[in-house]
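As stored in target.cif (mmCIF, C-alpha atoms and all ligand atoms):
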data_my_file
loop_
_atom_site.label_atom_id
_atom_site.label_comp_id
_atom_site.auth_asym_id
_atom_site.auth_seq_id
_atom_site.Cartn_x
_atom_site.Cartn_y
_atom_site.Cartn_z
CA MET U 240 -18.06 -211.39 -60.97
CA THR U 241 -17.89 -207.76 -59.87
CA ILE U 242 -21.18 -205.89 -59.97
CA LEU U 243 -21.49 -202.13 -59.46
CA ILE U 244 -24.90 -200.94 -58.28
CA THR U 245 -26.16 -197.38 -57.78
CA ALA U 246 -29.10 -196.98 -55.43
CA GLY U 247 -31.25 -194.51 -53.53
CA PRO U 248 -31.99 -190.86 -54.17
CA THR U 249 -29.48 -188.05 -54.43
CA ARG U 250 -29.66 -185.00 -52.20
CA GLU U 251 -28.88 -181.61 -53.72
CA PRO U 252 -28.14 -178.94 -51.08
CA LEU U 253 -29.61 -175.46 -51.31
CA ASP U 254 -28.33 -173.95 -48.08
CA PRO U 255 -26.95 -175.43 -44.81
CA VAL U 256 -30.38 -176.77 -43.77
CA ARG U 257 -32.27 -177.54 -47.00
CA TYR U 258 -31.94 -179.83 -49.97
CA LEU U 259 -33.83 -181.12 -53.01
CA THR U 260 -34.43 -184.86 -53.21
CA ASN U 261 -37.02 -187.44 -54.37
CA ARG U 262 -39.06 -190.36 -53.05
CA SER U 263 -36.66 -193.18 -53.89
CA SER U 264 -36.28 -195.53 -50.90
CA GLY U 265 -33.30 -197.45 -52.32
CA LYS U 266 -35.15 -200.76 -51.75
CA MET U 267 -34.74 -202.11 -55.30
CA GLY U 268 -31.01 -201.41 -55.55
CA TYR U 269 -30.31 -202.77 -52.06
CA ALA U 270 -32.35 -205.92 -52.79
CA ILE U 271 -30.18 -206.55 -55.88
CA ALA U 272 -27.03 -205.93 -53.82
CA ASP U 273 -28.26 -208.40 -51.15
CA SER U 274 -29.05 -211.04 -53.72
CA ALA U 275 -25.73 -210.59 -55.55
CA ALA U 276 -23.70 -210.71 -52.32
CA ALA U 277 -25.47 -213.97 -51.39
CA HIS U 278 -24.29 -215.39 -54.74
CA GLN U 279 -20.68 -214.60 -53.84
CA HIS U 280 -20.30 -211.79 -56.34
CA ARG U 281 -18.17 -208.78 -55.40
CA ILE U 282 -20.52 -205.82 -55.01
CA ILE U 283 -19.67 -202.13 -55.18
CA LEU U 284 -22.78 -200.36 -53.85
CA ILE U 285 -22.76 -196.61 -54.49
CA SER U 286 -25.70 -195.21 -52.59
CA GLY U 287 -27.43 -191.94 -51.84
CA PRO U 288 -28.93 -191.49 -48.35
CA THR U 289 -31.42 -194.24 -47.40
CA GLU U 290 -32.85 -195.76 -44.20
CA ILE U 291 -31.76 -199.27 -45.20
CA GLU U 292 -29.07 -201.28 -43.42
CA ILE U 293 -25.93 -201.79 -45.47
CA PRO U 294 -26.01 -205.37 -46.82
CA ASP U 295 -23.29 -207.69 -45.48
CA GLY U 296 -20.30 -208.29 -47.69
CA VAL U 297 -20.58 -205.30 -50.03
CA ASP U 298 -18.09 -202.50 -50.69
CA PHE U 299 -20.24 -199.55 -49.66
CA ILE U 300 -19.59 -196.09 -51.08
CA PRO U 301 -21.96 -193.51 -49.55
CA VAL U 302 -22.65 -190.35 -51.55
CA GLU U 303 -25.09 -187.44 -51.27
CA THR U 304 -25.17 -185.45 -54.49
CA ALA U 305 -25.36 -186.47 -58.14
CA ALA U 306 -21.90 -184.96 -58.63
CA GLU U 307 -20.50 -187.24 -55.90
CA MET U 308 -22.28 -190.25 -57.40
CA TYR U 309 -20.84 -189.37 -60.82
CA ALA U 310 -17.29 -189.21 -59.37
CA ALA U 311 -17.71 -192.53 -57.53
CA VAL U 312 -19.06 -194.29 -60.63
CA GLU U 313 -16.24 -192.87 -62.75
CA LYS U 314 -13.71 -194.18 -60.22
CA TYR U 315 -15.10 -197.72 -59.85
CA ILE U 316 -17.02 -198.64 -63.01
CA ASN U 317 -14.14 -200.18 -64.88
CA LYS U 318 -13.59 -202.65 -62.04
CA ALA U 319 -17.08 -204.04 -62.77
CA ASP U 320 -18.29 -206.72 -65.19
CA ILE U 321 -21.91 -205.64 -64.77
CA ALA U 322 -23.29 -202.21 -63.77
CA ILE U 323 -26.86 -201.77 -62.58
CA PHE U 324 -28.16 -198.20 -62.19
CA ALA U 325 -31.08 -198.27 -59.77
CA ALA U 326 -30.46 -194.81 -58.26
CA ALA U 327 -33.01 -192.03 -58.70
CA VAL U 328 -30.58 -189.27 -59.54
CA ALA U 329 -31.88 -185.69 -59.30
CA ASP U 330 -32.01 -184.29 -62.83
CA TYR U 331 -31.30 -180.75 -61.58
CA ARG U 332 -29.49 -179.14 -58.63
CA PRO U 333 -29.60 -175.59 -57.27
CA ALA U 334 -27.38 -173.34 -59.42
CA GLU U 335 -25.75 -171.98 -56.28
CA PHE U 336 -25.23 -173.27 -52.76
CA GLN U 337 -26.02 -170.49 -50.26
CA ASP U 338 -23.52 -170.52 -47.35
CA GLN U 339 -26.09 -169.01 -45.00
CA LYS U 340 -29.69 -170.15 -44.44
CA ILE U 341 -31.99 -168.46 -47.01
CA LYS U 342 -34.23 -165.97 -45.18
CA LYS U 343 -37.94 -165.38 -45.78
CA HIS U 344 -38.57 -162.26 -47.88
CA GLY U 345 -41.40 -161.79 -50.38
CA ASP U 346 -44.41 -164.02 -51.11
CA THR U 347 -42.55 -165.96 -53.79
CA LEU U 348 -39.05 -167.32 -54.11
CA THR U 349 -37.56 -168.36 -57.44
CA LEU U 350 -34.84 -170.99 -57.48
CA GLU U 351 -32.49 -171.42 -60.39
CA LEU U 352 -31.61 -175.05 -61.12
CA VAL U 353 -28.91 -176.43 -63.39
CA LYS U 354 -28.77 -179.85 -65.00
CA ASN U 355 -26.89 -182.67 -63.31
CA PRO U 356 -24.66 -184.96 -65.37
CA ASP U 357 -26.32 -188.13 -66.69
CA ILE U 358 -24.25 -190.79 -64.93
CA LEU U 359 -25.66 -193.83 -66.73
CA GLY U 360 -25.51 -191.91 -70.02
CA SER U 361 -21.78 -191.25 -69.44
CA CYS U 362 -20.77 -194.90 -69.00
CA ARG U 363 -20.15 -195.81 -72.63
CA ASP U 364 -18.79 -192.57 -74.16
CA LYS U 365 -17.05 -190.92 -71.22
CA PHE U 366 -16.05 -193.81 -68.94
CA HIS U 367 -15.49 -196.28 -71.81
CA PHE U 368 -17.29 -199.06 -69.93
CA THR U 369 -17.61 -202.18 -72.07
CA GLY U 370 -19.37 -204.49 -69.59
CA THR U 371 -23.06 -205.27 -69.26
CA LEU U 372 -25.02 -202.07 -68.62
CA ILE U 373 -28.48 -202.06 -67.04
CA GLY U 374 -30.60 -198.98 -66.35
CA PHE U 375 -33.96 -198.34 -64.75
CA ALA U 376 -36.76 -196.17 -66.07
CA ALA U 377 -39.41 -194.80 -63.71
CA GLU U 378 -42.23 -193.63 -65.95
CA THR U 379 -45.72 -192.24 -65.54
CA GLN U 380 -46.78 -192.73 -69.20
CA ASN U 381 -45.66 -194.46 -72.43
CA VAL U 382 -43.58 -196.80 -70.29
CA GLU U 383 -42.25 -199.06 -73.04
CA SER U 384 -41.41 -196.41 -75.64
CA ASN U 385 -39.76 -194.12 -73.07
CA ALA U 386 -37.71 -197.03 -71.74
CA ARG U 387 -36.67 -198.05 -75.27
CA GLY U 388 -35.53 -194.47 -75.94
CA LYS U 389 -33.35 -194.64 -72.81
CA LEU U 390 -31.94 -198.04 -73.80
CA GLU U 391 -30.75 -196.59 -77.11
CA ARG U 392 -29.59 -193.16 -75.89
CA LYS U 393 -27.66 -194.47 -72.92
CA GLY U 394 -26.14 -197.54 -74.59
CA CYS U 395 -27.78 -200.04 -72.21
CA ASP U 396 -28.15 -203.79 -72.74
CA LEU U 397 -31.36 -203.80 -70.70
CA VAL U 398 -33.68 -201.16 -69.24
CA ILE U 399 -35.98 -202.18 -66.38
CA ALA U 400 -39.07 -199.99 -66.52
CA ASN U 401 -41.85 -199.45 -64.03
CA ASP U 402 -44.94 -197.27 -63.86
CA VAL U 403 -44.49 -194.90 -60.92
CA SER U 404 -48.00 -193.45 -61.31
CA ARG U 405 -49.33 -196.65 -59.66
CA ALA U 406 -49.58 -196.35 -55.87
CA ASP U 407 -49.27 -200.12 -55.26
CA ILE U 408 -45.80 -200.57 -56.78
CA GLY U 409 -42.51 -198.76 -57.30
CA PHE U 410 -41.30 -195.86 -55.16
CA ASP U 411 -41.09 -196.75 -51.48
CA SER U 412 -43.12 -199.93 -51.96
CA ASN U 413 -41.87 -203.45 -51.21
CA GLU U 414 -43.36 -204.61 -54.49
CA ASN U 415 -42.85 -203.75 -58.12
CA GLU U 416 -44.05 -204.80 -61.56
CA ILE U 417 -41.40 -204.43 -64.20
CA LEU U 418 -41.08 -204.38 -67.95
CA LEU U 419 -37.78 -205.71 -69.26
CA VAL U 420 -36.85 -203.76 -72.38
CA TYR U 421 -34.01 -205.37 -74.37
CA LYS U 422 -32.61 -204.30 -77.76
CA ASP U 423 -34.71 -206.94 -79.54
CA GLN U 424 -37.62 -207.77 -77.20
CA THR U 425 -39.78 -206.72 -74.26
CA GLU U 426 -40.99 -208.90 -71.40
CA LEU U 427 -43.38 -208.18 -68.51
CA ILE U 428 -42.63 -209.56 -65.04
CA GLU U 429 -45.84 -209.34 -63.03
CA LYS U 430 -46.12 -207.74 -59.59
CA ALA U 431 -43.83 -209.37 -57.06
CA GLN U 432 -41.74 -208.59 -53.98
CA LYS U 433 -38.65 -206.53 -54.78
CA SER U 434 -36.50 -209.26 -53.20
CA HIS U 435 -37.92 -211.80 -55.69
CA LEU U 436 -37.45 -209.38 -58.60
CA ALA U 437 -33.88 -208.78 -57.44
CA HIS U 438 -33.09 -212.51 -57.94
CA ILE U 439 -34.64 -212.43 -61.41
CA ILE U 440 -32.72 -209.26 -62.37
CA LEU U 441 -29.43 -210.68 -61.10
CA ASP U 442 -29.99 -213.91 -63.01
CA LEU U 443 -30.77 -212.00 -66.22
CA ALA U 444 -27.77 -209.72 -65.74
CA THR U 445 -25.34 -212.62 -65.39
CA LYS U 446 -26.90 -214.40 -68.41
CA LEU U 447 -26.64 -211.21 -70.50
CA HIS U 448 -23.00 -210.91 -69.45
CA ARG U 449 -22.20 -214.51 -70.40
CA THR U 450 -23.76 -214.17 -73.84
CA SER U 451 -22.26 -210.76 -74.68
O1 LIG Q 501 -33.26 -190.35 -67.91
P1 LIG Q 501 -33.77 -191.01 -66.67
O2 LIG Q 501 -33.43 -190.27 -65.41
O3 LIG Q 501 -35.21 -191.39 -66.68
O4 LIG Q 501 -32.98 -192.40 -66.67
C1 LIG Q 501 -33.08 -193.30 -65.63
C2 LIG Q 501 -31.83 -194.14 -65.54
O5 LIG Q 501 -30.66 -193.33 -65.68
C3 LIG Q 501 -31.71 -194.82 -64.20
O6 LIG Q 501 -31.03 -196.04 -64.39
C4 LIG Q 501 -30.87 -193.82 -63.39
O7 LIG Q 501 -30.17 -194.47 -62.35
C5 LIG Q 501 -29.93 -193.27 -64.45
N1 LIG Q 501 -29.54 -191.86 -64.26
C6 LIG Q 501 -28.24 -191.52 -63.96
N2 LIG Q 501 -27.87 -190.20 -63.86
C7 LIG Q 501 -28.78 -189.23 -64.03
C8 LIG Q 501 -30.12 -189.55 -64.34
C9 LIG Q 501 -30.46 -190.88 -64.43
O8 LIG Q 501 -27.41 -192.43 -63.79
N3 LIG Q 501 -28.41 -187.95 -63.91
#
As structure tokens:
Amino acid sequence: MTILITAGPTREPLDPVRYLTNRSSGKMGYAIADSAAAHQHRIILISGPTEIEIPDGVDFIPVETAAEMYAAVEKYINKADIAIFAAAVADYRPAEFQDQKIKKHGDTLTLELVKNPDILGSCRDKFHFTGTLIGFAAETQNVESNARGKLERKGCDLVIANDVSRADIGFDSNENEILLVYKDQTELIEKAQKSHLAHIILDLATKLHRTS
């Protein structure tokens, strides 16, 4: 099977030396890519900047901004049977890129930000993707209901939610505890190594695909 995975943060440039980003390490997405490649699936890994080595045997598409990630997903998604969106895409980017380094002036500086496209939310309506669609939800409160809202709005078959207010799991950690939110049920997978969770997620994704 062909599996498209997005991973890592995006980086939204402000001027030649500065950018806006977030704390995503890319570990979860890369662990899924590793696990899937070991199972002989074809992997298209579309990744923002991370410190992680590129897994062997994957088609690696490096991107920086949300706009670049959007274009890469649009180009490749219909080659995939399953798409897993583990990237932490910046919701907003600077309204303008300044060609020259922004100089210090007053005591405050106001930045104008504009909304980035919702890549996962574009898969069904804009890219006409009909395969199995899996999203992530990093939440700090109302984890299940927020994740269920995303499942419905973005046309996903499964949303994998985690509580990013906990210091022991999630962003930049090697461990995670996840809530699997399906259309008709919810299931908790207790705290485990991301590599172990990656196997579980891959297994669920292929089962969902077979039964769809
Ligand atoms: O809406 P929210 O950002 O919480 O949704 C998270 C899910 O949507 C993740 O799977 C993330 O990869 C995806 N996403 C995206 N493009 C965005 C924002 C989020 O693909 N602009």
Using all atoms listed in the file, find each residue of chain U with at least one atom at most 9 Å away from an atom of ligand LIG 501 (chain Q); report its shortest atom-to-atom pair and that distance in Å (one decimal), sort the rows by chain and rising residue number, and return the result as JSON lines.
{"residue": "U:Thr245", "atom": "CA", "partner": "Q:LIG501", "partner_atom": "O7", "distance": 6.7}
{"residue": "U:Ala246", "atom": "CA", "partner": "Q:LIG501", "partner_atom": "O7", "distance": 7.4}
{"residue": "U:Gly247", "atom": "CA", "partner": "Q:LIG501", "partner_atom": "O7", "distance": 8.9}
{"residue": "U:Ala305", "atom": "CA", "partner": "Q:LIG501", "partner_atom": "N3", "distance": 6.7}
{"residue": "U:Ala306", "atom": "CA", "partner": "Q:LIG501", "partner_atom": "N3", "distance": 8.9}
{"residue": "U:Met308", "atom": "CA", "partner": "Q:LIG501", "partner_atom": "O8", "distance": 8.5}
{"residue": "U:Tyr309", "atom": "CA", "partner": "Q:LIG501", "partner_atom": "N2", "distance": 7.7}
{"residue": "U:Ile323", "atom": "CA", "partner": "Q:LIG501", "partner_atom": "O6", "distance": 7.3}
{"residue": "U:Phe324", "atom": "CA", "partner": "Q:LIG501", "partner_atom": "O6", "distance": 4.2}
{"residue": "U:Ala325", "atom": "CA", "partner": "Q:LIG501", "partner_atom": "O7", "distance": 4.7}
{"residue": "U:Ala326", "atom": "CA", "partner": "Q:LIG501", "partner_atom": "O7", "distance": 4.1}
{"residue": "U:Ala327", "atom": "CA", "partner": "Q:LIG501", "partner_atom": "O7", "distance": 5.2}
{"residue": "U:Val328", "atom": "CA", "partner": "Q:LIG501", "partner_atom": "C8", "distance": 4.8}
{"residue": "U:Ala329", "atom": "CA", "partner": "Q:LIG501", "partner_atom": "N3", "distance": 6.2}
{"residue": "U:Asp330", "atom": "CA", "partner": "Q:LIG501", "partner_atom": "N3", "distance": 5.2}
{"residue": "U:Tyr331", "atom": "CA", "partner": "Q:LIG501", "partner_atom": "N3", "distance": 8.1}
{"residue": "U:Lys354", "atom": "CA", "partner": "Q:LIG501", "partner_atom": "N3", "distance": 8.2}
{"residue": "U:Asn355", "atom": "CA", "partner": "Q:LIG501", "partner_atom": "N3", "distance": 5.5}
{"residue": "U:Pro356", "atom": "CA", "partner": "Q:LIG501", "partner_atom": "N3", "distance": 5.0}
{"residue": "U:Asp357", "atom": "CA", "partner": "Q:LIG501", "partner_atom": "N3", "distance": 3.5}
{"residue": "U:Ile358", "atom": "CA", "partner": "Q:LIG501", "partner_atom": "O8", "distance": 3.7}
{"residue": "U:Leu359", "atom": "CA", "partner": "Q:LIG501", "partner_atom": "O8", "distance": 3.7}
{"residue": "U:Gly360", "atom": "CA", "partner": "Q:LIG501", "partner_atom": "O8", "distance": 6.5}
{"residue": "U:Ser361", "atom": "CA", "partner": "Q:LIG501", "partner_atom": "O8", "distance": 8.1}
{"residue": "U:Cys362", "atom": "CA", "partner": "Q:LIG501", "partner_atom": "O8", "distance": 8.8}
{"residue": "U:Ile373", "atom": "CA", "partner": "Q:LIG501", "partner_atom": "O6", "distance": 7.1}
{"residue": "U:Gly374", "atom": "CA", "partner": "Q:LIG501", "partner_atom": "O6", "distance": 3.6}
{"residue": "U:Phe375", "atom": "CA", "partner": "Q:LIG501", "partner_atom": "O6", "distance": 3.7}
{"residue": "U:Ala376", "atom": "CA", "partner": "Q:LIG501", "partner_atom": "C1", "distance": 4.7}
{"residue": "U:Ala377", "atom": "CA", "partner": "Q:LIG501", "partner_atom": "O3", "distance": 6.2}
{"residue": "U:Glu378", "atom": "CA", "partner": "Q:LIG501", "partner_atom": "O3", "distance": 7.4}
{"residue": "U:Asn385", "atom": "CA", "partner": "Q:LIG501", "partner_atom": "O3", "distance": 8.3}
{"residue": "U:Ala386", "atom": "CA", "partner": "Q:LIG501", "partner_atom": "O3", "distance": 8.0}
{"residue": "U:Lys389", "atom": "CA", "partner": "Q:LIG501", "partner_atom": "O1", "distance": 6.5}
{"residue": "U:Lys393", "atom": "CA", "partner": "Q:LIG501", "partner_atom": "O5", "distance": 7.9}
{"residue": "U:Val398", "atom": "CA", "partner": "Q:LIG501", "partner_atom": "O6", "distance": 7.5}
{"residue": "U:Ile399", "atom": "CA", "partner": "Q:LIG501", "partner_atom": "O6", "distance": 8.1}
> Could you name the residues that touch Asp442 (chain U) at 12 Å or less, counting all atoms listed in the file, but leaving out those on the same chain fewer than 3 positions away, as a list in words?
Replying inline: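 The residues that qualify are Ile271, Ser274, Ala275, His278, His280, Ile321, His435, Leu436, Ala437, His438, Ile439, Thr445, Lys446, Leu447, His448 and Arg449 of chain U.
Here CA of Ile341 (chain U) stands at a distance of 18.5 Å from CA of Val353 (chain U).
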>> Counting all atoms listed in the file, I want the residues whose atoms come within 12 Å of (-28.6, -203.0, -43.8) in the file frame, returned as number ranges by chain.
In response: U: 265-266, 269-270, 272-273, 284, 289-297, 299
> Which is closest to Cys395 (chain U) among U:Gln339, U:Ala322, U:Ile300, U:Thr347, if we use all atoms listed in the file?
Replying inline: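 Answer, going by the shortest atom-to-atom distance: U:Ala322.
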> What is the CA of Ile428 (chain U) to CA of Gly388 (chain U) distance in Å?
Replying inline: 19.9 Å
> Of the residues U:Leu418, U:Lys433, U:Thr450, U:Pro333, which is the one nearest to Thr371 (chain U), using all atoms listed in the file?
Replying inline: U:Thr450
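CA of Asn261 (chain U) sits 17.7 Å away from CA of Asn415 (chain U).
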>> Residues near Gln380 (chain U), anyone? I mean within 10 Å using all atoms listed in the file, not counting same-chain ones fewer than 5 positions away, as a list in words.
In response: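 The contact residues come out as Asn385, Asn401, Asp402, Val403 and Ser404 of chain U.
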>> For a quick check of understanding, using only C-alpha atoms, which of U:Asp407, U:Ser451, U:Val312, U:Leu390 has the smallest distance to Thr369 (chain U)?
In response: U:Ser451
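Compared by their closest atoms to Glu414 (chain U), and using all atoms listed in the file, the residues U:Leu243, U:Ile283, U:Leu253, U:Ala431 rank with U:Ala431 nearest.
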> So, counting all atoms listed in the file, which residue among U:Leu443, U:Thr379, U:Arg332, U:Leu348 is closest to Ala406 (chain U)?
Replying inline: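 Selected residue with least distance to Ala406 (chain U): U:Thr379.
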>> Could you check the closest approach to Leu441 (chain U) for each of U:Gly268, U:Pro301, U:Pro248, U:Gly394 and tell me which residue wins, using only C-alpha atoms?
In response: U:Gly268
>> From (-38.0, -204.5, -71.5), in the file's coordinates, out to 9 Å: which residues are reached, counting all atoms listed in the file? Answer as an NGL selection string.
In response: :U and (383 or 386-387 or 397-400 or 417-422 or 424-427)
How big is the axis-aligned box around all listed atoms of region 282-294 of chain U once 5 Å goes on each side, and where's its centre, in Å to one decimal, as JSON?
{"center_x": -26.3, "center_y": -198.7, "center_z": -49.3, "size_x": 23.2, "size_y": 24.3, "size_z": 21.8}
I need region 369-392 of chain U from the structure I supplied, saved as a PDB file, in the first residue's frame with N, CA and C atoms retained.
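Final output, selection_25.pdb:
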ATOM      1  N   THR U 369     -10.160   9.928  -1.709  1.00  0.00           N
ATOM      2  CA  THR U 369     -11.205   8.995  -1.255  1.00  0.00           C
ATOM      3  C   THR U 369     -10.631   7.867  -0.384  1.00  0.00           C
ATOM      4  N   GLY U 370      -9.333   7.924  -0.125  1.00  0.00           N
ATOM      5  CA  GLY U 370      -8.715   6.873   0.697  1.00  0.00           C
ATOM      6  C   GLY U 370      -8.979   7.084   2.185  1.00  0.00           C
ATOM      7  N   THR U 371      -8.253   6.306   2.985  1.00  0.00           N
ATOM      8  CA  THR U 371      -8.405   6.391   4.447  1.00  0.00           C
ATOM      9  C   THR U 371      -7.664   7.618   4.960  1.00  0.00           C
ATOM     10  N   LEU U 372      -8.373   8.447   5.742  1.00  0.00           N
ATOM     11  CA  LEU U 372      -7.816   9.748   6.145  1.00  0.00           C
ATOM     12  C   LEU U 372      -7.728   9.821   7.673  1.00  0.00           C
ATOM     13  N   ILE U 373      -6.504  10.039   8.155  1.00  0.00           N
ATOM     14  CA  ILE U 373      -6.269  10.049   9.601  1.00  0.00           C
ATOM     15  C   ILE U 373      -5.605  11.365   9.998  1.00  0.00           C
ATOM     16  N   GLY U 374      -6.199  12.042  10.985  1.00  0.00           N
ATOM     17  CA  GLY U 374      -5.634  13.298  11.472  1.00  0.00           C
ATOM     18  C   GLY U 374      -5.190  13.161  12.915  1.00  0.00           C
ATOM     19  N   PHE U 375      -4.457  14.144  13.376  1.00  0.00           N
ATOM     20  CA  PHE U 375      -4.059  14.230  14.782  1.00  0.00           C
ATOM     21  C   PHE U 375      -4.735  15.454  15.399  1.00  0.00           C
ATOM     22  N   ALA U 376      -4.898  15.431  16.691  1.00  0.00           N
ATOM     23  CA  ALA U 376      -5.430  16.602  17.393  1.00  0.00           C
ATOM     24  C   ALA U 376      -4.615  16.783  18.665  1.00  0.00           C
ATOM     25  N   ALA U 377      -3.872  17.878  18.727  1.00  0.00           N
ATOM     26  CA  ALA U 377      -3.110  18.208  19.939  1.00  0.00           C
ATOM     27  C   ALA U 377      -3.960  19.177  20.731  1.00  0.00           C
ATOM     28  N   GLU U 378      -4.429  18.753  21.891  1.00  0.00           N
ATOM     29  CA  GLU U 378      -5.387  19.573  22.636  1.00  0.00           C
ATOM     30  C   GLU U 378      -4.857  19.867  24.040  1.00  0.00           C
ATOM     31  N   THR U 379      -5.349  20.964  24.615  1.00  0.00           N
ATOM     32  CA  THR U 379      -5.020  21.240  26.014  1.00  0.00           C
ATOM     33  C   THR U 379      -6.262  21.110  26.903  1.00  0.00           C
ATOM     34  N   GLN U 380      -7.441  20.989  26.298  1.00  0.00           N
ATOM     35  CA  GLN U 380      -8.677  20.785  27.081  1.00  0.00           C
ATOM     36  C   GLN U 380      -9.741  20.144  26.182  1.00  0.00           C
ATOM     37  N   ASN U 381     -10.764  19.573  26.813  1.00  0.00           N
ATOM     38  CA  ASN U 381     -11.884  18.934  26.080  1.00  0.00           C
ATOM     39  C   ASN U 381     -11.370  18.075  24.924  1.00  0.00           C
ATOM     40  N   VAL U 382     -10.429  17.200  25.257  1.00  0.00           N
ATOM     41  CA  VAL U 382      -9.698  16.464  24.214  1.00  0.00           C
ATOM     42  C   VAL U 382     -10.644  15.700  23.289  1.00  0.00           C
ATOM     43  N   GLU U 383     -11.558  14.918  23.889  1.00  0.00           N
ATOM     44  CA  GLU U 383     -12.403  14.068  23.049  1.00  0.00           C
ATOM     45  C   GLU U 383     -13.367  14.887  22.185  1.00  0.00           C
ATOM     46  N   SER U 384     -14.031  15.873  22.780  1.00  0.00           N
ATOM     47  CA  SER U 384     -15.033  16.604  21.982  1.00  0.00           C
ATOM     48  C   SER U 384     -14.356  17.455  20.906  1.00  0.00           C
ATOM     49  N   ASN U 385     -13.186  18.031  21.206  1.00  0.00           N
ATOM     50  CA  ASN U 385     -12.480  18.793  20.168  1.00  0.00           C
ATOM     51  C   ASN U 385     -12.035  17.877  19.031  1.00  0.00           C
ATOM     52  N   ALA U 386     -11.560  16.689  19.399  1.00  0.00           N
ATOM     53  CA  ALA U 386     -11.102  15.748  18.373  1.00  0.00           C
ATOM     54  C   ALA U 386     -12.288  15.274  17.515  1.00  0.00           C
ATOM     55  N   ARG U 387     -13.425  15.055  18.151  1.00  0.00           N
ATOM     56  CA  ARG U 387     -14.602  14.595  17.389  1.00  0.00           C
ATOM     57  C   ARG U 387     -15.061  15.686  16.412  1.00  0.00           C
ATOM     58  N   GLY U 388     -14.970  16.947  16.851  1.00  0.00           N
ATOM     59  CA  GLY U 388     -15.308  18.069  15.961  1.00  0.00           C
ATOM     60  C   GLY U 388     -14.416  18.055  14.725  1.00  0.00           C
ATOM     61  N   LYS U 389     -13.120  17.804  14.945  1.00  0.00           N
ATOM     62  CA  LYS U 389     -12.163  17.759  13.829  1.00  0.00           C
ATOM     63  C   LYS U 389     -12.466  16.600  12.887  1.00  0.00           C
ATOM     64  N   LEU U 390     -12.780  15.442  13.481  1.00  0.00           N
ATOM     65  CA  LEU U 390     -13.103  14.251  12.680  1.00  0.00           C
ATOM     66  C   LEU U 390     -14.223  14.588  11.694  1.00  0.00           C
ATOM     67  N   GLU U 391     -15.257  15.254  12.202  1.00  0.00           N
ATOM     68  CA  GLU U 391     -16.421  15.559  11.363  1.00  0.00           C
ATOM     69  C   GLU U 391     -16.108  16.664  10.359  1.00  0.00           C
ATOM     70  N   ARG U 392     -15.503  17.753  10.829  1.00  0.00           N
ATOM     71  CA  ARG U 392     -15.233  18.899   9.939  1.00  0.00           C
ATOM     72  C   ARG U 392     -14.278  18.556   8.812  1.00  0.00           C
TER      73      ARG U 392
END
